[in-house]
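Containing mmCIF, C-alpha atoms: start.cif.
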```
data_run
loop_
_atom_site.label_atom_id
_atom_site.label_comp_id
_atom_site.auth_asym_id
_atom_site.auth_seq_id
_atom_site.Cartn_x
_atom_site.Cartn_y
_atom_site.Cartn_z
CA MET N 1 18.68 -21.23 -9.05
CA LYS N 2 15.96 -23.85 -8.80
CA ARG N 3 15.90 -26.29 -5.89
CA ILE N 4 14.38 -29.59 -7.01
CA LEU N 5 13.67 -32.57 -4.78
CA LEU N 6 14.08 -36.04 -6.30
CA PRO N 7 12.76 -38.79 -4.00
CA THR N 8 14.21 -42.21 -4.78
CA ASP N 9 13.92 -45.81 -3.68
CA PHE N 10 16.78 -46.69 -6.07
CA SER N 11 14.38 -48.34 -8.52
CA GLU N 12 14.51 -47.78 -12.29
CA ASN N 13 11.16 -46.04 -11.99
CA ALA N 14 12.66 -43.48 -9.59
CA PHE N 15 15.77 -43.11 -11.77
CA ASN N 16 13.55 -42.49 -14.78
CA ALA N 17 11.83 -39.62 -12.95
CA SER N 18 15.21 -38.14 -11.96
CA SER N 19 16.39 -38.45 -15.56
CA TYR N 20 13.30 -36.56 -16.71
CA ALA N 21 14.03 -33.73 -14.27
CA LEU N 22 17.66 -33.39 -15.32
CA GLN N 23 16.70 -33.22 -18.99
CA LEU N 24 13.73 -30.89 -18.45
CA PHE N 25 15.99 -28.38 -16.67
CA ALA N 26 19.17 -29.03 -18.65
CA GLY N 27 19.50 -25.34 -19.49
CA GLU N 28 18.99 -24.02 -15.95
CA GLU N 29 21.09 -23.64 -12.83
CA CYS N 30 19.66 -26.24 -10.42
CA THR N 31 20.41 -27.93 -7.16
CA PHE N 32 18.92 -31.41 -7.08
CA TYR N 33 18.25 -32.89 -3.65
CA LEU N 34 18.34 -36.68 -3.87
CA LEU N 35 16.17 -38.02 -1.05
CA HIS N 36 15.97 -41.57 0.23
CA THR N 37 14.18 -42.66 3.38
CA TYR N 38 14.53 -46.05 5.01
CA THR N 39 13.23 -48.19 7.83
CA PRO N 40 14.84 -51.53 8.73
CA VAL N 41 13.22 -54.42 6.92
CA ALA N 42 12.14 -57.10 9.37
CA THR N 43 10.05 -59.42 7.29
CA ASN N 44 11.66 -62.42 8.92
CA ALA N 45 12.16 -61.08 12.44
CA GLY N 46 12.63 -64.54 13.93
CA MET N 47 15.86 -64.98 11.99
CA LEU N 48 17.08 -61.41 12.38
CA VAL N 49 16.75 -61.24 16.15
CA ASN N 50 19.38 -63.93 16.53
CA THR N 51 21.89 -62.00 14.44
CA TYR N 52 21.43 -58.29 14.95
CA SER N 53 20.10 -55.98 17.56
CA ALA N 54 17.62 -53.37 16.36
CA LEU N 55 20.40 -50.78 16.41
CA GLN N 56 22.75 -52.94 14.37
CA LEU N 57 20.01 -53.59 11.84
CA GLU N 58 19.37 -49.87 11.48
CA GLU N 59 23.09 -49.27 10.93
CA VAL N 60 23.25 -51.95 8.23
CA THR N 61 20.19 -50.49 6.49
CA ARG N 62 21.60 -46.96 6.75
CA ASP N 63 24.99 -47.97 5.35
CA ALA N 64 23.35 -49.74 2.42
CA ALA N 65 21.27 -46.63 1.73
CA PHE N 66 24.34 -44.36 1.80
CA PHE N 67 26.15 -46.66 -0.62
CA SER N 68 23.19 -46.82 -3.01
CA MET N 69 22.86 -43.04 -2.89
CA LYS N 70 26.50 -42.62 -3.88
CA VAL N 71 26.01 -45.03 -6.78
CA LEU N 72 22.91 -43.10 -7.89
CA GLU N 73 24.71 -39.76 -7.84
CA GLU N 74 27.59 -41.16 -9.86
CA ARG N 75 25.21 -42.62 -12.44
CA LEU N 76 23.35 -39.31 -12.85
CA LEU N 77 26.62 -37.41 -13.21
CA ARG N 78 27.87 -39.92 -15.76
CA GLU N 79 24.73 -40.09 -17.89
CA TYR N 80 23.71 -36.41 -17.63
CA PRO N 81 26.89 -34.33 -17.16
CA ASN N 82 25.97 -30.68 -16.74
CA SER N 83 28.04 -27.92 -15.13
CA LYS N 84 24.83 -26.09 -14.24
CA HIS N 85 23.64 -28.91 -11.99
CA THR N 86 24.74 -29.76 -8.47
CA PHE N 87 23.54 -32.57 -6.20
CA LYS N 88 22.93 -32.88 -2.49
CA LYS N 89 22.21 -36.26 -0.94
CA ILE N 90 19.69 -36.72 1.88
CA THR N 91 19.31 -40.12 3.54
CA LYS N 92 16.96 -40.27 6.52
CA PHE N 93 15.39 -42.80 8.84
CA ASN N 94 11.79 -41.73 8.33
CA LEU N 95 8.61 -42.30 6.34
CA LEU N 96 8.95 -40.94 2.82
CA VAL N 97 6.05 -38.47 2.67
CA SER N 98 6.83 -37.08 6.13
CA GLU N 99 10.44 -36.47 5.11
CA ILE N 100 9.41 -34.91 1.80
CA VAL N 101 7.24 -32.39 3.67
CA ALA N 102 10.14 -31.62 6.03
CA CYS N 103 12.62 -31.20 3.15
CA VAL N 104 10.33 -28.84 1.24
CA LYS N 105 10.30 -26.55 4.25
CA GLU N 106 13.94 -26.93 5.30
CA TYR N 107 15.51 -26.51 1.85
CA ASN N 108 12.89 -24.15 0.36
CA ILE N 109 12.18 -26.62 -2.44
CA ASP N 110 10.70 -25.18 -5.66
CA LEU N 111 9.59 -28.45 -7.25
CA ILE N 112 9.34 -32.18 -6.59
CA VAL N 113 9.78 -34.69 -9.42
CA MET N 114 8.93 -38.31 -8.70
CA GLY N 115 7.71 -41.51 -10.37
CA THR N 116 4.07 -42.57 -10.37
CA GLN N 117 4.27 -46.34 -10.10
CA GLY N 118 2.83 -47.72 -6.86
CA ALA N 119 4.44 -50.46 -4.83
CA THR N 120 2.21 -53.12 -6.42
CA GLY N 121 2.37 -51.68 -9.92
CA ALA N 122 -1.40 -52.29 -10.13
CA LYS N 123 -2.86 -50.87 -13.31
CA GLU N 124 -6.03 -49.68 -11.59
CA ILE N 125 -4.12 -47.27 -9.37
CA PHE N 126 -4.09 -43.74 -10.82
CA LEU N 127 -0.87 -42.71 -9.12
CA GLY N 128 1.40 -44.50 -6.71
CA THR N 129 0.42 -44.09 -3.07
CA HIS N 130 3.52 -42.07 -2.19
CA THR N 131 2.99 -39.75 -5.14
CA MET N 132 -0.68 -39.26 -4.31
CA PHE N 133 -0.07 -38.31 -0.72
CA THR N 134 2.94 -36.15 -1.59
CA ILE N 135 0.69 -34.09 -3.86
CA LYS N 136 -1.88 -33.92 -1.09
CA LYS N 137 0.57 -32.81 1.63
CA VAL N 138 3.14 -30.50 0.06
CA LYS N 139 2.88 -26.79 -0.73
CA CYS N 140 4.95 -26.73 -3.89
CA PRO N 141 4.45 -28.09 -7.42
CA VAL N 142 4.94 -31.79 -8.12
CA ILE N 143 5.69 -33.43 -11.46
CA ALA N 144 4.64 -37.08 -11.50
CA VAL N 145 6.46 -39.03 -14.21
CA PRO N 146 4.81 -42.25 -15.45
CA SER N 147 6.81 -45.43 -15.19
CA GLY N 148 8.82 -46.03 -18.34
CA PHE N 149 8.13 -42.59 -19.83
CA LYS N 150 11.00 -41.52 -22.05
CA TYR N 151 11.84 -37.84 -21.98
CA GLU N 152 10.10 -35.61 -24.50
CA LYS N 153 10.40 -31.85 -24.66
CA PRO N 154 7.11 -30.35 -23.47
CA LYS N 155 6.24 -28.87 -26.84
CA GLU N 156 2.50 -29.31 -26.28
CA ILE N 157 1.26 -28.66 -22.74
CA LEU N 158 -2.34 -29.30 -21.70
CA PHE N 159 -3.62 -27.18 -18.81
CA ALA N 160 -6.99 -28.60 -17.74
CA THR N 161 -8.89 -26.00 -15.72
CA ASP N 162 -12.30 -24.93 -14.49
CA TYR N 163 -11.15 -21.28 -14.30
CA ARG N 164 -11.86 -21.16 -10.58
CA PHE N 165 -8.64 -20.31 -8.80
CA TYR N 166 -6.67 -17.41 -7.32
CA LEU N 167 -5.36 -15.31 -10.18
CA LEU N 168 -2.03 -14.40 -8.56
CA ASN N 169 -0.88 -17.93 -7.79
CA LYS N 170 2.90 -17.54 -7.58
CA TYR N 171 3.52 -20.81 -9.41
CA PHE N 172 2.00 -19.59 -12.68
CA ILE N 173 5.34 -17.93 -13.34
CA PHE N 174 6.94 -21.39 -13.12
CA LEU N 175 4.59 -22.67 -15.84
CA LYS N 176 5.26 -19.58 -17.94
CA GLU N 177 9.03 -19.99 -17.63
CA LEU N 178 8.72 -23.65 -18.57
CA CYS N 179 6.81 -22.74 -21.73
CA ILE N 180 9.34 -20.06 -22.70
CA ALA N 181 12.34 -22.32 -22.07
CA HIS N 182 11.00 -25.08 -24.31
CA GLY N 183 9.05 -23.07 -26.88
CA SER N 184 5.89 -24.80 -25.71
CA LYS N 185 2.36 -24.31 -26.94
CA LEU N 186 -0.06 -24.06 -24.01
CA ASN N 187 -3.51 -25.58 -24.51
CA LEU N 188 -6.05 -24.48 -21.90
CA LEU N 189 -8.95 -26.92 -21.72
CA ASN N 190 -12.27 -26.39 -20.00
CA ALA N 191 -15.11 -28.91 -19.77
CA ASP N 192 -18.29 -26.83 -19.78
CA LEU N 193 -20.84 -29.52 -18.75
CA ASN N 194 -23.31 -27.61 -20.93
CA LYS N 195 -22.96 -24.50 -18.75
CA PRO N 196 -21.58 -21.16 -19.93
CA LEU N 197 -18.72 -19.56 -18.00
CA ASP N 198 -19.87 -17.18 -15.28
CA ALA N 199 -18.42 -13.69 -14.71
CA ASP N 200 -15.64 -14.89 -12.40
CA GLN N 201 -14.58 -17.62 -14.81
CA LEU N 202 -14.56 -15.19 -17.73
CA LYS N 203 -12.37 -12.83 -15.69
CA THR N 204 -9.93 -15.66 -14.97
CA LYS N 205 -9.85 -16.69 -18.62
CA SER N 206 -9.12 -13.10 -19.68
CA TYR N 207 -6.35 -12.86 -17.08
CA LEU N 208 -4.73 -16.04 -18.39
CA ASP N 209 -4.95 -14.79 -21.97
CA ASN N 210 -2.99 -11.70 -20.97
CA PHE N 211 -0.59 -13.50 -18.61
CA PHE N 212 0.46 -15.95 -21.32
CA LYS N 213 0.46 -13.40 -24.14
CA GLU N 214 4.18 -13.98 -24.85
CA ILE N 215 3.51 -17.69 -25.33
CA SER N 216 1.63 -19.52 -28.05
CA HIS N 217 -1.61 -20.53 -26.35
CA LEU N 218 -5.08 -21.66 -27.30
CA PHE N 219 -8.33 -22.01 -25.36
CA HIS N 220 -10.41 -25.15 -25.86
CA VAL N 221 -13.88 -26.15 -24.69
CA ALA N 222 -15.07 -29.73 -24.34
CA LYS N 223 -18.82 -29.55 -24.76
CA GLY N 224 -20.81 -31.55 -22.24
CA SER N 225 -17.82 -33.61 -21.02
CA ASP N 226 -16.51 -34.14 -17.53
CA ILE N 227 -12.87 -33.19 -17.18
CA SER N 228 -11.50 -36.74 -17.26
CA GLU N 229 -13.33 -37.55 -20.48
CA ALA N 230 -12.29 -34.20 -21.96
CA ILE N 231 -8.62 -34.87 -21.23
CA LYS N 232 -8.81 -38.35 -22.70
CA LYS N 233 -10.41 -37.11 -25.93
CA PHE N 234 -7.96 -34.24 -26.23
CA GLN N 235 -5.00 -36.59 -25.89
CA GLU N 236 -6.45 -38.81 -28.62
CA THR N 237 -6.34 -35.96 -31.12
CA ARG N 238 -3.14 -34.16 -30.10
CA LYS N 239 0.33 -35.20 -28.99
CA ILE N 240 0.52 -33.85 -25.44
CA ASN N 241 3.88 -33.95 -23.61
CA LEU N 242 2.82 -32.54 -20.23
CA LEU N 243 -0.47 -32.34 -18.36
CA VAL N 244 -1.05 -29.51 -15.85
CA MET N 245 -3.71 -29.04 -13.18
CA ILE N 246 -4.22 -26.87 -10.11
CA HIS N 247 -4.88 -28.71 -6.87
CA ASN N 248 -8.16 -27.10 -5.84
CA HIS N 249 -9.92 -28.89 -3.00
CA HIS N 250 -13.33 -27.62 -4.06
CA THR N 251 -13.18 -28.77 -7.68
CA PHE N 252 -12.93 -31.99 -9.65
CA PHE N 253 -9.30 -32.53 -8.69
CA GLU N 254 -9.80 -34.20 -5.31
CA ASN N 255 -12.36 -36.65 -6.66
CA LEU N 256 -10.21 -37.41 -9.69
CA LEU N 257 -7.00 -37.98 -7.78
CA PHE N 258 -7.76 -39.29 -4.32
CA LYS N 259 -9.83 -42.39 -4.94
CA PRO N 260 -9.05 -45.74 -6.60
CA VAL N 261 -9.52 -45.62 -10.32
CA ILE N 262 -11.96 -48.35 -11.25
CA ASN N 263 -11.87 -50.17 -14.59
CA ARG N 264 -14.47 -47.94 -16.22
CA MET N 265 -12.55 -44.77 -15.32
CA VAL N 266 -11.53 -43.25 -18.63
CA TYR N 267 -8.62 -41.17 -17.41
CA HIS N 268 -5.14 -42.61 -17.01
CA THR N 269 -2.20 -40.29 -17.40
CA ASN N 270 0.48 -41.49 -19.81
CA VAL N 271 2.48 -38.27 -19.80
CA PRO N 272 4.15 -36.34 -16.98
CA PHE N 273 1.63 -34.61 -14.76
CA LEU N 274 2.41 -31.21 -13.18
CA VAL N 275 0.25 -30.41 -10.16
CA ILE N 276 0.29 -26.79 -8.94
CA PRO N 277 -0.98 -26.11 -5.41
CA SER N 278 -3.80 -23.63 -5.03
CA LYS N 279 -3.46 -20.49 -2.88
CA LYS N 280 -5.67 -22.11 -0.24
CA LYS N 281 -3.49 -25.21 -0.28
CA MET N 282 -0.35 -23.14 0.26
CA GLU N 283 -1.93 -21.33 3.23
CA THR N 284 -3.12 -24.42 5.13
#
```

When written as structure tokens, how does the structure in this file appear?
Amino acid sequence: MKRILLPTDFSENAFNASSYALQLFAGEECTFYLLHTYTPVATNAGMLVNTYSALQLEEVTRDAAFFSMKVLEERLLREYPNSKHTFKKITKFNLLVSEIVACVKEYNIDLIVMGTQGATGAKEIFLGTHTMFTIKKVKCPVIAVPSGFKYEKPKEILFATDYRFYLLNKYFIFLKELCIAHGSKLNLLNADLNKPLDADQLKTKSYLDNFFKEISHLFHVAKGSDISEAIKKFQETRKINLLVMIHNHHTFFENLLFKPVINRMVYHTNVPFLVIPSKKKMET
């Protein structure tokens, strides 16, 4: 049984990500952990101090969160009834990313699915701040679902890779199972930057060819492109339903993900984005 964490702020963006998860795993036994964190809002402290103590304010905020969580669970059960799915509700007084990290460890979470829209909704932000730092901190896969994305079966999956990673990453089996469950075609894309693959990269490519032998898969090379440009061009020619990358600190991923995306940046994800932690990431 899969254990999937669904962080929520009760927005439609968060509900959309939860909806995606329930549909993606409709055929599997899953426990979904609905997580909401809260801190008392005190934007007008001068007015609040005359009415509530800090403790009373926390109680009011907590009660509102519990009520909203109940409403969310009922909506998910109503719109996506599935006897294979169960829900557990977690409402905590904490910062979101800190609580996500704690939940992954406490509940042995297999996957996190969350929305990508930042608090400002600014178009120049690649991923929402919470999503970015969740990916950076956790040791399990994360699927980031773009705001407004309507569920599509992942029939065409794009795995962008430099072929520099630990071959026995335990989460490759998750990607393989996903492909089998949905009859997906896996496209493995490498940007060569006008350099041939070295011996280690060729070994990794051969390993992947054998590992995914039961699945329809193709290898692609983007000549002379950086990875962001290669992804953009690939998506212009093929209908991709899911993008996959490995979070390697020593490769393009950190630079691509953890800096503001300026206007000339060519890469903006418009499909769900699965990030798999590297072996090194899981060991830190």

* Mind telling me what the PyMOL selection byres ((chain N and resi 5-12) around 6) catches here, as an MDAnalysis selection string? -> chainID N and resid 4 13:16 32:36 112:113

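Of the listed residues (N:Phe159, N:Phe66, N:Phe87, N:Tyr20), N:Phe159 comes nearest to Ile276 (chain N); the distances count all atoms listed in the file.
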
* To do: Could you check which of N:Thr61, N:Asn270, N:Asn187, N:Ser98 is closest to Lys155 (chain N), using only C-alpha atoms?
  =>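 Smallest separation from Lys155 (chain N) among the options: N:Asn187.
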
* **Selection dump of the PyMOL selection byres ((chain N and resi 244) around 12), as a VMD selection string** => chain N and resid 141 to 144 154 156 to 161 171 to 172 174 to 176 178 to 179 186 to 189 231 240 to 243 245 to 247 253 269 271 to 277

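Relative to CA of Asn248 (chain N), CA of Pro196 (chain N) is found at 20.3 Å.
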
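CA of Glu58 (chain N) lies 28.8 Å from CA of Thr86 (chain N).
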
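Comparing the minimum interatomic distances between Phe219 (chain N) and each of N:Lys233, N:Lys239, N:Lys185, N:Arg164, counting all atoms listed in the file, we find that N:Lys185 sits nearest.
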
* Structure fact -> The residue from N:Ala222, N:Leu168, N:Leu76, N:Ile180 with the smallest atom-to-atom distance to Leu193 (chain N), counting only C-alpha atoms, is N:Ala222

* To do: State, in Å with one decimal place, the distance from CA of Ala230 (chain N) to CA of Lys203 (chain N).
  =>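 Between CA of Ala230 (chain N) and CA of Lys203 (chain N) the gap works out to 22.3 Å.
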
* Shortest interatomic distance to Ile227 (chain N) - which of N:Ser278, N:Asp162, N:Asn169, N:Glu214, counting only C-alpha atoms ->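 Of all the options, N:Asp162 lies closest to Ile227 (chain N).
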
* So which residues touch Glu99 (chain N) within 10 Å, counting all atoms listed in the file, skipping near sequence neighbours fewer than 3 positions away, as a list in words? -> Pro7, Leu35, His36, Thr37, Ile90, Thr91, Lys92, Phe93, Asn94, Leu95, Leu96, Ala102, Cys103, Val104 and Lys105 of chain N
